[in-house]
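Below is one structure, written out as structure tokens, with a few remarks after it.
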Amino acid sequence: MKVVGIIPSRYGSTRMPGKPLMDICGHPMIWWVYQNVTKVKEFDEIYVATDDERIKKVCEEFGASVIMTTSDCSCLIDRVYQVSNIIDADYYVTVNGDEPILEPEVMPKIIPDFVERGKPIVRGLVRNFTDPVEVIDPGNIKIVVGLNGYSLYTSRSPVPYPQKTAQFTYKKYVGVELFNKAALDFYVSHEQTEIERIEDIGSIRFLEHGIRIHYDLVESKSLSIDTPRDIEKIREVIASRMKQE
């Protein structure tokens, strides 16, 4: 079984342009993500997928392999699809380029025990929310997971709605996803769906077409960087970890 790790990274973030190259304790954010991904022995190859020459230059300077993608990718799944046309693998695992404190030990939990071909395979990771403020933040994607581990719905709103009780632990999308080639081919061969467009969540395209997404629950303190406030939090966490080493 060949598993390729991919770090999608784009410069033109709407809220934080140049985010991958922002300094965190002496290194650009993308460096921290790459260092964590390289600790995963289950990845046979690792690539940064970007459409920006500035990111490419920085990544190559610290030794990362880079695959250039086009600038018209609507989401990371489009970017990974382009990588899959160049690099052959049984599974492609994406690690978001804006999660520099995502623990390496949780990443392999997404990988199945065997290779399944002939149908789209999509998997993801979730963690429990521990801060109520995170739940109402639309930047944090919420996943409703059924008893069998498959997603019932994905939203930026707090779902399910606490109509009968507030005693419920919401689940947060963790920035690691897995696709096989059949899933990536399926995705790009279908137009953006209405709910996908409304929520602005690419994986909803699979759900609207009846493709199941399996989620594994992990213990993680992952935090994606979406605001300047987030980057200050990340700097504090990484600085603390550096002192402990």
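Here, A, B, ... name the chains of the structure tokens in the order displayed, residue numbers run from 1 inside each chain, and ligands are numbered from 1 in the same displayed order.
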
According to DSSP computed on the backbone, where in range 50-201 of chain A is there helix (DSSP H, G or I)? Give the residues as an MDAnalysis selection string.
chainID A and resid 53:61 76:84 104:110 132:136 181:188 194:199

Could you save those same residues with C-alpha atoms as a PDB file, in the first residue's frame?
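Okay, out-v1.pdb is ready:
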```
ATOM      1  CA  GLU A  53       6.398  30.587  -6.430  1.00  0.00           C
ATOM      2  CA  ARG A  54       7.143  32.289  -3.095  1.00  0.00           C
ATOM      3  CA  ILE A  55       5.899  29.281  -1.164  1.00  0.00           C
ATOM      4  CA  LYS A  56       7.739  26.941  -3.537  1.00  0.00           C
ATOM      5  CA  LYS A  57      11.020  28.781  -2.988  1.00  0.00           C
ATOM      6  CA  VAL A  58      10.757  28.724   0.798  1.00  0.00           C
ATOM      7  CA  CYS A  59       9.755  25.052   0.889  1.00  0.00           C
ATOM      8  CA  GLU A  60      12.592  23.951  -1.365  1.00  0.00           C
ATOM      9  CA  GLU A  61      15.047  25.891   0.792  1.00  0.00           C
ATOM     10  CA  LEU A  76      -7.801  21.663  -1.487  1.00  0.00           C
ATOM     11  CA  ILE A  77      -9.529  18.671  -3.103  1.00  0.00           C
ATOM     12  CA  ASP A  78      -8.973  20.205  -6.552  1.00  0.00           C
ATOM     13  CA  ARG A  79      -5.318  20.713  -5.639  1.00  0.00           C
ATOM     14  CA  VAL A  80      -4.909  17.127  -4.457  1.00  0.00           C
ATOM     15  CA  TYR A  81      -6.567  15.878  -7.634  1.00  0.00           C
ATOM     16  CA  GLN A  82      -3.886  17.612  -9.672  1.00  0.00           C
ATOM     17  CA  VAL A  83      -1.200  15.942  -7.561  1.00  0.00           C
ATOM     18  CA  SER A  84      -2.875  12.561  -8.120  1.00  0.00           C
ATOM     19  CA  PRO A 104       1.977  13.682  14.001  1.00  0.00           C
ATOM     20  CA  GLU A 105       0.649  10.703  15.956  1.00  0.00           C
ATOM     21  CA  VAL A 106      -2.987  11.387  15.018  1.00  0.00           C
ATOM     22  CA  MET A 107      -2.382  11.544  11.261  1.00  0.00           C
ATOM     23  CA  PRO A 108      -1.960   7.778  10.594  1.00  0.00           C
ATOM     24  CA  LYS A 109      -5.282   7.003  12.285  1.00  0.00           C
ATOM     25  CA  ILE A 110      -7.002   8.015   9.060  1.00  0.00           C
ATOM     26  CA  PRO A 132     -17.875  26.663  23.652  1.00  0.00           C
ATOM     27  CA  VAL A 133     -16.544  29.727  21.852  1.00  0.00           C
ATOM     28  CA  GLU A 134     -15.033  27.456  19.197  1.00  0.00           C
ATOM     29  CA  VAL A 135     -18.426  25.897  18.516  1.00  0.00           C
ATOM     30  CA  ILE A 136     -20.046  29.153  17.410  1.00  0.00           C
ATOM     31  CA  LYS A 181      -7.983   8.249  -6.869  1.00  0.00           C
ATOM     32  CA  ALA A 182     -11.587   7.203  -7.536  1.00  0.00           C
ATOM     33  CA  ALA A 183     -12.838   9.791  -5.026  1.00  0.00           C
ATOM     34  CA  LEU A 184     -10.725  12.576  -6.519  1.00  0.00           C
ATOM     35  CA  ASP A 185     -11.844  11.710 -10.044  1.00  0.00           C
ATOM     36  CA  PHE A 186     -15.457  11.657  -8.886  1.00  0.00           C
ATOM     37  CA  TYR A 187     -15.109  15.053  -7.241  1.00  0.00           C
ATOM     38  CA  VAL A 188     -13.751  16.928 -10.244  1.00  0.00           C
ATOM     39  CA  GLU A 194     -25.853  24.070  -3.911  1.00  0.00           C
ATOM     40  CA  ILE A 195     -25.271  23.183  -0.261  1.00  0.00           C
ATOM     41  CA  GLU A 196     -21.522  23.006  -0.853  1.00  0.00           C
ATOM     42  CA  ARG A 197     -21.645  26.545  -2.229  1.00  0.00           C
ATOM     43  CA  ILE A 198     -23.803  27.846   0.638  1.00  0.00           C
ATOM     44  CA  GLU A 199     -21.641  26.337   3.393  1.00  0.00           C
TER      45      GLU A 199
END
```

Contact check, range 132-239 of chain A to range 87-97 of chain A, at most 8 Å, counting only C-alpha atoms, closest pairs as a tab-separated table:
```
residue	atom	partner	partner_atom	distance
A:Gly175	CA	A:Asn96	CA	5.1
A:Val176	CA	A:Val95	CA	4.7
A:Glu177	CA	A:Thr94	CA	5.2
A:Leu178	CA	A:Val93	CA	4.4
A:Phe179	CA	A:Tyr92	CA	5.3
A:Asn180	CA	A:Tyr91	CA	4.7
A:Lys181	CA	A:Tyr91	CA	7.2
```

DSSP on the backbone: what in range 38-109 of chain A comes out strand (DSSP E or B), as number ranges by chain?
A: 45-50, 66-68, 91-95

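Contact shell of Leu207 in chain A at 10 Å (only C-alpha atoms; same-chain neighbours under 6 positions omitted): Ser151, Leu152, Tyr153, Thr154, Thr193, Ile195, Glu196 and Ile213 of chain A.
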
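The gap separating CA of Phe43 in chain A from CA of Arg123 in chain A is 15.9 Å, in Å to one decimal.
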
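The shortest atom-to-atom distance to Lys41 in chain A, with only C-alpha atoms taken into account, belongs to A:Gly5 out of A:Ser74, A:Leu125, A:Gly5, A:Ser240.
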
Which polymer residues have any atom within 12 Å of an atom of Tyr11 in chain A, counting only C-alpha atoms, with same-chain residues fewer than 6 positions away left out, as a PDB file with N, CA and C atoms, in the first residue's frame?
```
ATOM      1  N   PRO A  17      -3.715  36.934   3.741  1.00  0.00           N
ATOM      2  CA  PRO A  17      -2.817  36.693   2.607  1.00  0.00           C
ATOM      3  C   PRO A  17      -1.392  36.410   3.083  1.00  0.00           C
ATOM      4  N   GLY A  18      -0.752  35.451   2.434  1.00  0.00           N
ATOM      5  CA  GLY A  18       0.611  35.102   2.793  1.00  0.00           C
ATOM      6  C   GLY A  18       0.731  34.266   4.053  1.00  0.00           C
ATOM      7  N   LYS A  19      -0.367  33.708   4.509  1.00  0.00           N
ATOM      8  CA  LYS A  19      -0.398  32.970   5.772  1.00  0.00           C
ATOM      9  C   LYS A  19       0.669  31.873   5.876  1.00  0.00           C
ATOM     10  N   PRO A  20       0.911  31.065   4.839  1.00  0.00           N
ATOM     11  CA  PRO A  20       1.899  29.987   4.981  1.00  0.00           C
ATOM     12  C   PRO A  20       3.305  30.459   5.313  1.00  0.00           C
ATOM     13  N   LEU A  21       3.605  31.712   4.986  1.00  0.00           N
ATOM     14  CA  LEU A  21       4.966  32.223   5.194  1.00  0.00           C
ATOM     15  C   LEU A  21       5.078  33.106   6.437  1.00  0.00           C
ATOM     16  N   MET A  22       3.996  33.236   7.191  1.00  0.00           N
ATOM     17  CA  MET A  22       4.050  34.038   8.406  1.00  0.00           C
ATOM     18  C   MET A  22       4.979  33.401   9.438  1.00  0.00           C
ATOM     19  N   MET A  29       5.168  29.300   8.892  1.00  0.00           N
ATOM     20  CA  MET A  29       4.160  28.332   9.310  1.00  0.00           C
ATOM     21  C   MET A  29       4.268  27.016   8.543  1.00  0.00           C
ATOM     22  N   ILE A  30       4.502  27.079   7.255  1.00  0.00           N
ATOM     23  CA  ILE A  30       4.561  25.866   6.439  1.00  0.00           C
ATOM     24  C   ILE A  30       5.701  24.963   6.890  1.00  0.00           C
ATOM     25  N   ALA A  49       1.809  21.046  -2.034  1.00  0.00           N
ATOM     26  CA  ALA A  49       1.099  21.382  -3.277  1.00  0.00           C
ATOM     27  C   ALA A  49       0.700  22.846  -3.222  1.00  0.00           C
ATOM     28  N   THR A  50       1.268  23.655  -4.114  1.00  0.00           N
ATOM     29  CA  THR A  50       1.003  25.089  -4.085  1.00  0.00           C
ATOM     30  C   THR A  50       0.974  25.656  -5.498  1.00  0.00           C
ATOM     31  N   ASP A  51       0.386  26.837  -5.621  1.00  0.00           N
ATOM     32  CA  ASP A  51       0.371  27.529  -6.907  1.00  0.00           C
ATOM     33  C   ASP A  51       1.226  28.795  -6.849  1.00  0.00           C
ATOM     34  N   ASP A  52       2.002  28.942  -5.776  1.00  0.00           N
ATOM     35  CA  ASP A  52       2.719  30.189  -5.557  1.00  0.00           C
ATOM     36  C   ASP A  52       4.236  29.960  -5.538  1.00  0.00           C
ATOM     37  N   GLU A  53       4.950  30.739  -6.329  1.00  0.00           N
ATOM     38  CA  GLU A  53       6.398  30.587  -6.430  1.00  0.00           C
ATOM     39  C   GLU A  53       7.104  30.966  -5.133  1.00  0.00           C
ATOM     40  N   ARG A  54       6.524  31.905  -4.363  1.00  0.00           N
ATOM     41  CA  ARG A  54       7.143  32.289  -3.095  1.00  0.00           C
ATOM     42  C   ARG A  54       7.118  31.137  -2.103  1.00  0.00           C
ATOM     43  N   ILE A  55       5.994  30.440  -2.042  1.00  0.00           N
ATOM     44  CA  ILE A  55       5.899  29.281  -1.164  1.00  0.00           C
ATOM     45  C   ILE A  55       6.830  28.183  -1.648  1.00  0.00           C
ATOM     46  N   LYS A  56       6.862  27.967  -2.947  1.00  0.00           N
ATOM     47  CA  LYS A  56       7.739  26.941  -3.537  1.00  0.00           C
ATOM     48  C   LYS A  56       9.190  27.198  -3.158  1.00  0.00           C
ATOM     49  N   SER A  71      -3.717  27.911 -10.403  1.00  0.00           N
ATOM     50  CA  SER A  71      -4.228  28.912  -9.456  1.00  0.00           C
ATOM     51  C   SER A  71      -5.750  28.936  -9.370  1.00  0.00           C
ATOM     52  N   GLY A  97      -2.241  23.053   5.522  1.00  0.00           N
ATOM     53  CA  GLY A  97      -1.042  23.851   5.706  1.00  0.00           C
ATOM     54  C   GLY A  97      -1.169  24.940   6.739  1.00  0.00           C
ATOM     55  N   ASP A  98      -2.348  25.064   7.370  1.00  0.00           N
ATOM     56  CA  ASP A  98      -2.521  26.104   8.401  1.00  0.00           C
ATOM     57  C   ASP A  98      -2.762  25.508   9.785  1.00  0.00           C
TER      58      ASP A  98
END
```

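Each of A:Glu42, A:Ser13, A:Glu232, A:His214 was compared to Asn148 in chain A using only C-alpha atoms, and A:His214 turns out to be the nearest.
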
Excluding Phe129 in chain A and its own-chain neighbours fewer than 4 positions away, which residues fall within 10 Å of it when counting only C-alpha atoms? Please give them as a list in words.
Val133, Glu134, Val135, Asn140, Lys142, Thr169, Tyr170, Lys171, Lys172, Tyr173, Ser220 and Lys221 of chain A

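The space separating CA of Ile101 in chain A from CA of Val33 in chain A comes to 7.3 Å.
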
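Using only C-alpha atoms, the protein and nucleic acid residues lying no more than 12 Å from Gly63 in chain A, apart from those fewer than 6 places from it along its own chain, are Ile30, Trp31, Tyr34, Gln35, Thr38, Ile46, Tyr47, Val48, Lys56 and Lys57 of chain A.
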
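The gap separating CA of Asp44 in chain A from CA of Gly26 in chain A is 28.3 Å, in Å to one decimal.
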
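For Leu223 in chain A, the residues within 8 Å (counting only C-alpha atoms, excluding itself and residues fewer than 3 positions away along the chain) are Glu99, Pro100, Ile101, Leu102, Asp230 and Ile234 of chain A.
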
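Proximity to Ser9 in chain A was assessed for A:Asn36, A:Thr227, A:Thr70, A:Ser157 counting only C-alpha atoms; the smallest distance is recorded for A:Thr70.
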